[in-house]
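Student: Quick one: the structure is below, questions incoming.
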Amino acid sequence: MNPAWALLRLASPQLPIGGYSYSQGLEMAVEQQRVNDSDSARRWISDQLLLNLARFEAPLLLAHCQAAADQHWSRLQQLCDEQRASRETRELYQESRQMGYSLKQLLAGLPELDDAAREVLAQQDEPHLALGWALAARAWNIAPEDALAAWLWSWLENQLAVLMKTLPLGQQAAQRLTSELLPLLQQAQRHAAKLDPNHYGSAAFGLSLASMAHERQYSRLFRS
């Protein structure tokens, strides 16, 4: 079977986990005029990629995928606990929990998930996104590095979809932004892959503040 199909399946917006219901603070950044055109959108997404995802979210997700691939279940549980504790706002916590729950429901009904992974999944009362992503990658024989690439791509695609609905940003402008941001996506992936676990961490105060404000935003398109 062509391995690209599994990768496309994991990164697809049709994966029924509700990722496109969330903006991760970007909708509030637009509301506050911090993001108001293509240039400011590029700065916001670039900062997210290099100062947050590359330093913490991406290496942590990669570690989940590697632990699942290696059947290192105790390590995977430790990483799950760290990921759950790292959610700074109610909105970010609920986002990860909801998508993790949806992935659990999806994987539980698929024949590809092996018994060991199925048992790990069943033991989780509140599986978060990183765990579900790692077990999906294991079920579909996707290498950890490729699973990380799929997650980064889906994150970028989601951010651009938010911009097209809130600025609004046209499709051609979104494609130009994609061309400009893909090198940074690659940079974030490479940094995450080589980062020492003792150095995981970021301090994305702007994201946290935007997320907290978005929870109380009067009129919004995306979930809080």
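Numbering starts fresh at 1 for the residues of each chain in the structure tokens, the chains themselves are lettered A, B, ... in the order given, and ligands are numbered from 1 as they appear.
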Taking 2 positions as the minimum chain separation for residues in the same chain, which residues sit within 9 Å of Arg90 of chain A when counting only C-alpha atoms? Answer as a PyMOL selection string.
Tutor: chain A and resi 87-88+92-95+211-212+215+224
Student: Based on the selection just made, write C-alpha atoms of those residues as a PDB file, in the first residue's frame.
Tutor:
ATOM      1  CA  ARG A  87      -2.344  23.562  28.774  1.00  0.00           C
ATOM      2  CA  GLU A  88      -2.264  27.143  30.078  1.00  0.00           C
ATOM      3  CA  LEU A  92      -6.424  25.115  25.022  1.00  0.00           C
ATOM      4  CA  TYR A  93      -7.192  22.329  27.486  1.00  0.00           C
ATOM      5  CA  GLN A  94     -10.659  21.739  26.093  1.00  0.00           C
ATOM      6  CA  GLU A  95      -9.367  21.801  22.524  1.00  0.00           C
ATOM      7  CA  SER A 211      -6.683  32.395  24.254  1.00  0.00           C
ATOM      8  CA  MET A 212      -7.985  33.640  27.616  1.00  0.00           C
ATOM      9  CA  GLU A 215     -12.930  32.528  25.948  1.00  0.00           C
ATOM     10  CA  SER A 224     -13.769  28.484  23.201  1.00  0.00           C
TER      11      SER A 224
END
Student: Give me, as number ranges by chain, all polymer residues having an atom no more than 12 Å from Gly201 of chain A, counting only C-alpha atoms and skipping those fewer than 4 positions away in the same chain.
Tutor: A: 50-60, 82-83, 86, 192, 195-197
Student: Counting only C-alpha atoms, which of A:Ala174, A:Val35, A:Leu61, A:Met1 gets nearest to Leu148 of chain A?
Tutor: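 For Leu148 of chain A, the nearest of the candidates is A:Leu61.
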Student: Residues at most 7 Å from segment 160-167 of chain A, counting only C-alpha atoms, excluding those fewer than 5 positions away in the same chain, as a ChimeraX atom specification?
Tutor: /A:23,27,30,36,174
Student: Just give me the gap between atom CA of Leu8 of chain A and atom CA of Ala150 of chain A in Å, one decimal is fine.
Tutor: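 Separating atom CA of Leu8 of chain A from atom CA of Ala150 of chain A is a distance of 7.7 Å.
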Student: When you count only C-alpha atoms, which of these residues is closest to Gly100 of chain A: A:Arg138, A:His72, A:Arg118, A:His128?
Tutor: A:His128
Student: Could you give me the residues within segment 7-207 of chain A that DSSP places in alpha helix (DSSP H), as a PyMOL selection string?
Tutor: chain A and resi 7-11+26-31+38-47+58-69+73-85+90-108+115-122+129-139+144-166+171-194+205-207
Student: With distances taken over only C-alpha atoms, which residue among A:Gly109, A:Pro3, A:Pro168, A:Pro16 lies nearest Ala147 of chain A?
Tutor: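 Among A:Gly109, A:Pro3, A:Pro168, A:Pro16, it is A:Pro3 that comes nearest to Ala147 of chain A.
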Student: For the atom pair atom CA of Leu185 of chain A and atom CA of Ser46 of chain A, what is the interatomic distance in Å to one decimal place?
Tutor: 8.7 Å
Student: Tell me which protein, DNA and RNA residues are within 12 Å of Trp153 of chain A, counting only C-alpha atoms, leaving out same-chain ones fewer than 6 positions away, and put them as number ranges by chain.
Tutor: A: 7-8, 10-13, 49, 53, 58, 146-147, 159-160, 178, 181-186, 188-189
Student: Taking 5 positions as the minimum chain separation for residues in the same chain, which residues sit within 12 Å of segment 101-106 of chain A when counting only C-alpha atoms? Answer as a PyMOL selection string.
Tutor: chain A and resi 10+15-19+94-96+111-113+117-137+139
Student: Closest to Asn141 of chain A among A:Ala173, A:Gln24, A:Arg34, A:Ala68, using only C-alpha atoms?
Tutor: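 Between A:Ala173, A:Gln24, A:Arg34, A:Ala68, the residue approaching Asn141 of chain A most closely is A:Ala68.
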Student: Between atom CA of Ala204 of chain A and atom CA of Gln78 of chain A, what is the distance, to one decimal in Å?
Tutor: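 It comes out at 22.8 Å.
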